[in-house]
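Here the structure comes first, spelled out in structure tokens, and everything after it is commentary.
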Amino acid sequence: MEEIQSPLPASRRLRMRRVLRHGGFIFGFAILFVTIVIAIFAPFIAPHDPIAQNLGVRLLPPSWMQGGRPDYLLGTDHLGRDYLSRLIYGSRISLIVGFSTMLIAGAIGSALGFAGGYFGGRVDDIVTYVINCRLSMPGLLVALAVISLVGGSLATIVLVLGLLFWDRYAVVVRTATQQVRNADFIDAARVAGASAPWIIWNEIRPNVLHHILVIATLEMAMAILSEASLSFLGLGIRAPTPSWGLMIAEGRSFLFAKPYLVWVPGIAIFLLVLATNLLGDGLRDLSQPEGRR
Amino acid sequence: MTSLLEVNNVSLAFRQRTGFFSPPQLIPAVKSVSMQVREGEVMAIVGESGSGKSTLAKLVLRLLMPDTGSITIDGRPSGTLSPRDFANLVQPVFQDPYSSLNPKRTLAEIIQMPLIVRGGVSAKESEDRARELFGRVGLPMRLFHTYPNQISGGQRQRVAIARALMLRPKLLVCDEPTSALDVSVQAQILKLFEELKQSFGLTYLFISHNLAVVERIADRIAVMYRGEIVEQGETKPFFAAPRHPYSRMLLSSVLIPIAGRPLPVVSRDFETLGNGP
Amino acid sequence: MSPLLNIEGLRIDIPGHAGVLRAIRGISFSIGEGESFAIVGESGCGKSLTAMSVLGLLPRSAVLSAETMSWKNQDMRLFGRRQWSHLHGLEIAAIFQEPMTALNPVLPIGDQMIESFLHHRLGDRKAALSRAGELLERVGVVPVGRRLRQYPHEMSGGLRQRVMIAMALMCRPKLMIADEPTTALDVTTQVEILALLKELQADTGMALMLITHDLGVVAHVADRMAVMYAGEIVETGSVASVLSRPAHPYTRALLSCLPTRGQPLIPIPGVVPALIGELEGCIFRNRCGFAMPDCASQIPEREVAPGHAYRCLLARDDTGSTTDSSAAPLEAFQ
């Protein structure tokens, strides 16, 4: 009930300042941005063809170590393929899986969440039941089972992960929708004759979007890790396509002699997942009104 | 005498689920309520919490459906009106200024919402009408594209009123529109209600617990207690001599700012109160 | 007889993004033993902040200064945690507007009521529960045994407020601060709660500091009152005097905009100004129908009658609302 004319609250500039001060957000955003750029411009950045084999230069260490060569900056793998180029092209796989899964799972989960949260009653009973069913399944194991049946490929992974990992979206969107649902402006829209889909899209979605974004970034990190795990187990991307997980799998046999074969892609995965997680945390922090730490 | 709104023997009970397998518990909210509101008048519904007045407002607004009875608006049964026709006739103003505006939308967008939903008007026409109403409700134009969190409670209510007038409705259902406002702001908003009624030829169904406000603004009044209308009639005679014991109790509980008077004695023995004080 | 609470020249500044908010700018009032004092004002005027300062519960960033701020002649400005802790509950107790948020939802009423009693070491648990039961009986929350074991959500608003009052009385405080105690209640329940407060005051001889926006409540409960507007006290005096002969234009405007019988409803135009930066002169002048250029400088205190004072350049006869024949219309200010 503040009738005092408060000075104009956080204007665009103040909000920008807050964003720039958030270390985690900036770091996460930067790394993700760089990775996206690398993935997009891969053909122009990669010094070599990632799948071209050259057995004459196999198992070269990174250039700064003894035996390394400057034209193979990060060394080569057991088939003589340039590791840097594979790493660069591998970013595409990780990002494609991350974003696609995020979109598919996000769409499914949000749709369910909106429906259950807005309509309540029987609809919500069904939605809750579906969510509970999904939650009682061990997601990754199911993914493993399915992929071992249909075979691994980029499309399969994206579909399987997208169709399985929507639960967090559903739960969060459902709760957030329930809260917004009780606001009077929703009733005003109903009286004005708006249909349920209109209301959900135009009145509820904008108020729930920040929740979805936070979940999306965190789920993206999960998806990237899942793909790496699946590929590592041989149930994901198939050779010769460079996937960071696959690179680790292939490098496993040489772990003690040529450890860089494992830690180069390992660090890449670590950085990307860390960045996405920090981005998600940052988004969550920044979407809170100031002072509410 | 044309009735713009007719409520005929309407009842509604809320179903509370007591478990997945047991039948729901029925909690009556509105019991056999009947009343008419004539075009151009201000009909006030007064009552305390639990009286069912807000539920009645929602029934009239078609936010809830009655179990029994019927509601007729402008001669047509409320249930048969299309969403568009209904919106053109009836619009709401709610109590909580902080819940009635979408925080993620600008005031301009909020006000235009009913017209956007109904369609049939160009974007420019819609904005023009919104601007006109914005000024009519006393808001400075520089606030047109700002967000709700930048304006005060009284200003928010003005926005809500402007939104309600976008479709030029005949009936405004106002559920405690000034209860959450400061006294001085309340006076401003009440004055606005009075002016708009004249200019737009509106009819009000005005829900309130504040008898002083009701006395000022209403032509007729209905008192609700525990879901039923216990008394209704013209305002002046009502305030001069309320008949029902509950009405008298309600009226005597109003504290007038004149010093030296003892607190009124509230006697609740006209009906045994089952659920405690 | 020296007053229990004596405040003179209280100032509270709260630093913020856009500058320093001068929330309270030099208010003075005192409350004697057994007295019933009301601070009336609309939201944002600083009345709740004043109550918080008396309880030592201001936000950490707030800066408080005062010429005098004493409780039973002890300087409150020098109080540390121990002294405030001693004061809370034992000397000064408080009840607030929304009992549902003031009461802990996961503890039974009985446990919450005895907390303060035990903290101040007034007796053992048995004695505490006995006193709690006594008080619940007194405020009409019965049957006592059952109620002590109940949770807040199991009771209605009126009952919860009664429990809050009983809780506040546990340690026999000298002063009870009631911040909008009946605003969230139905009018009929409000009358019952106010009657209860008055009875308890008469029984125990404690003083009451009532914070409210409702002049009707003030008229029926308080002996003396202060009208607050935008961080200042603009008028103060006995309730009888202030309500029958209001002097300050804001007080008169406030009374005129109450929708009471037979009087025209005159809203106060404009809004409260932002309280940032240097503020000179009368804070009400941007909304006052009688504002003059001189209002921008120091405003003197004037008296209507002994004990009834207000801050304005004009004499009482000249600050009339439009119901007075001599008045200039406030409408002209639109």
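Residue names in the structure tokens use chain letters A, B, ... in the order shown, residue numbers from 1 in each chain, and ligand numbers from 1 in the order shown.
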
Nearby residues (only C-alpha atoms) at most 9 Å from Met249 (chain B), same-chain spacing under 2 positions excluded, as JSON, numbers by chain | {"B": [244, 245, 246, 247, 251, 252, 253, 265, 266, 267, 268], "C": [188]}

Expected file: the selected residues, N, CA and C atoms, as an mmCIF file, in the first residue's frame:
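Generated file (part-v7.cif):
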```cif
data_model
loop_
_atom_site.group_PDB
_atom_site.id
_atom_site.type_symbol
_atom_site.label_atom_id
_atom_site.label_comp_id
_atom_site.auth_asym_id
_atom_site.auth_seq_id
_atom_site.Cartn_x
_atom_site.Cartn_y
_atom_site.Cartn_z
ATOM 1 N N HIS B 244 -33.379 -6.065 9.763
ATOM 2 C CA HIS B 244 -32.840 -7.337 10.228
ATOM 3 C C HIS B 244 -31.826 -7.120 11.342
ATOM 4 N N PRO B 245 -31.831 -8.009 12.358
ATOM 5 C CA PRO B 245 -30.892 -7.843 13.472
ATOM 6 C C PRO B 245 -29.431 -7.807 13.027
ATOM 7 N N TYR B 246 -29.099 -8.589 12.000
ATOM 8 C CA TYR B 246 -27.709 -8.559 11.555
ATOM 9 C C TYR B 246 -27.377 -7.203 10.948
ATOM 10 N N SER B 247 -28.303 -6.662 10.158
ATOM 11 C CA SER B 247 -28.077 -5.336 9.565
ATOM 12 C C SER B 247 -27.860 -4.311 10.661
ATOM 13 N N LEU B 251 -24.531 -2.131 11.217
ATOM 14 C CA LEU B 251 -24.572 -0.679 11.197
ATOM 15 C C LEU B 251 -24.040 -0.079 12.488
ATOM 16 N N SER B 252 -24.382 -0.729 13.589
ATOM 17 C CA SER B 252 -23.922 -0.170 14.858
ATOM 18 C C SER B 252 -22.422 -0.373 15.037
ATOM 19 N N SER B 253 -21.810 -1.280 14.267
ATOM 20 C CA SER B 253 -20.365 -1.506 14.417
ATOM 21 C C SER B 253 -19.522 -0.491 13.671
ATOM 22 N N VAL B 265 -22.034 -2.033 21.534
ATOM 23 C CA VAL B 265 -22.008 -3.396 22.051
ATOM 24 C C VAL B 265 -22.520 -4.318 20.953
ATOM 25 N N VAL B 266 -21.685 -5.257 20.590
ATOM 26 C CA VAL B 266 -22.064 -6.158 19.515
ATOM 27 C C VAL B 266 -22.688 -7.410 20.108
ATOM 28 N N SER B 267 -23.970 -7.597 19.853
ATOM 29 C CA SER B 267 -24.586 -8.810 20.405
ATOM 30 C C SER B 267 -24.821 -9.788 19.277
ATOM 31 N N ARG B 268 -24.295 -10.938 19.428
ATOM 32 C CA ARG B 268 -24.411 -11.917 18.352
ATOM 33 C C ARG B 268 -25.492 -12.944 18.617
ATOM 34 N N THR C 188 -17.535 -6.070 12.766
ATOM 35 C CA THR C 188 -18.130 -6.523 14.020
ATOM 36 C C THR C 188 -17.059 -7.108 14.943
#
```

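Every chain A residue lying within 6 Å of chain B, based on only C-alpha atoms, is listed here: Glu3, Ala183, Asp184, Phe185, Ala192, Gly193 and Ala194 of chain A.
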
All alpha helix (DSSP H) positions in region 24-242 of chain C, as a PyMOL selection string | chain C and resi 47-55+81-87+99-102+109-119+125-138+144-149+157-169+187-204+215-221+239-242

Go ahead and compute the interatomic distance for CA of Pro269 (chain C) and CA of Ala296 (chain C), in Å to one decimal.
->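 Result for CA of Pro269 (chain C) versus CA of Ala296 (chain C): 18.9 Å, one decimal.
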
Asn132 (chain A): which residues within 10 Å, counting only C-alpha atoms, same-chain residues fewer than 5 positions away excluded, as a ChimeraX atom specification?
-> /A:126-127,137,167,171

When the cut-off is 6 Å and we count only C-alpha atoms, which residues of chain B are near chain C, given as a PyMOL selection string?
-> chain B and resi 48+182+184+187-188+212-213+253+255-259

Report as a list in words: the residues of region 91-147 of chain C with a DSSP assignment of strand (DSSP E or B), based on the backbone of this structure.
-> Ile92, Ala93, Ala94 and Ile95 of chain C

For the selection just defined, write its residues with N, CA and C atoms to a file, as a short mmCIF file (atom, residue, chain, number, x, y, z; two decimals), in the first residue's frame.
```cif
data_model
loop_
_atom_site.label_atom_id
_atom_site.label_comp_id
_atom_site.auth_asym_id
_atom_site.auth_seq_id
_atom_site.Cartn_x
_atom_site.Cartn_y
_atom_site.Cartn_z
N ILE C 92 7.73 -3.45 26.97
CA ILE C 92 6.95 -3.05 25.80
C ILE C 92 6.60 -4.29 25.00
N ALA C 93 5.32 -4.44 24.71
CA ALA C 93 4.88 -5.57 23.88
C ALA C 93 4.20 -5.01 22.65
N ALA C 94 4.07 -5.86 21.62
CA ALA C 94 3.47 -5.35 20.39
C ALA C 94 2.53 -6.37 19.76
N ILE C 95 1.48 -5.88 19.15
CA ILE C 95 0.63 -6.74 18.32
C ILE C 95 0.51 -6.07 16.96
#
```

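Minimum distance to Arg226 (chain B) across B:Leu5, B:Val214, B:Ala29, B:Leu196 (counting only C-alpha atoms) occurs at B:Ala29.
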
With a cut-off of 10 Å, could you pull out the residues of chain C touching chain A and give me the nearest pair of atoms for each, distance in Å to one decimal, using only C-alpha atoms, ordered by chain and ascending number, as a tab-separated table?
```
residue	atom	partner	partner_atom	distance
C:Gly16	CA	A:Pro7	CA	9.9
C:His17	CA	A:Pro9	CA	8.5
C:Ala18	CA	A:Pro7	CA	6.6
C:Gly19	CA	A:Pro7	CA	9.2
C:Leu21	CA	A:Ser6	CA	9.6
C:Glu42	CA	A:Glu3	CA	8.4
C:Ser43	CA	A:Glu2	CA	6.2
C:Gly44	CA	A:Glu2	CA	5.8
C:Cys45	CA	A:Ile4	CA	8.1
C:Ala230	CA	A:Ile4	CA	8.0
C:Val271	CA	A:Gln5	CA	7.1
C:Val272	CA	A:Ile4	CA	5.2
C:Pro273	CA	A:Gln5	CA	6.1
C:Ala274	CA	A:Gln5	CA	5.3
C:Leu275	CA	A:Ile4	CA	8.2
C:Ile276	CA	A:Pro7	CA	8.6
```

For those residues, write C-alpha atoms to a file as a PDB file, in the first residue's frame.
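Okay, this is what ended up in out-v6.pdb:
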```pdb
ATOM      1  CA  GLY C  16      18.583   4.032  -0.941  1.00  0.00           C
ATOM      2  CA  HIS C  17      19.417   3.950  -4.631  1.00  0.00           C
ATOM      3  CA  ALA C  18      18.059   7.340  -5.518  1.00  0.00           C
ATOM      4  CA  GLY C  19      19.318   9.127  -2.449  1.00  0.00           C
ATOM      5  CA  LEU C  21      14.915   8.777   2.144  1.00  0.00           C
ATOM      6  CA  GLU C  42      -2.187   6.962   5.813  1.00  0.00           C
ATOM      7  CA  SER C  43       0.179   4.383   4.414  1.00  0.00           C
ATOM      8  CA  GLY C  44       3.718   5.573   3.940  1.00  0.00           C
ATOM      9  CA  CYS C  45       3.453   8.365   6.529  1.00  0.00           C
ATOM     10  CA  ALA C 230       4.785  12.081   5.167  1.00  0.00           C
ATOM     11  CA  VAL C 271       0.073  12.589  -4.156  1.00  0.00           C
ATOM     12  CA  VAL C 272       2.581  12.499  -1.344  1.00  0.00           C
ATOM     13  CA  PRO C 273       5.877  13.958  -2.573  1.00  0.00           C
ATOM     14  CA  ALA C 274       9.054  11.908  -2.722  1.00  0.00           C
ATOM     15  CA  LEU C 275      10.891  12.269   0.575  1.00  0.00           C
ATOM     16  CA  ILE C 276      14.370  12.451  -0.871  1.00  0.00           C
TER      17      ILE C 276
END
```

Excluding same-chain residues fewer than 3 positions from Arg92 (chain A), what lies within 10 Å of it counting only C-alpha atoms, as a PyMOL selection string?
-> chain A and resi 35-42+87-89+95-98+242-244
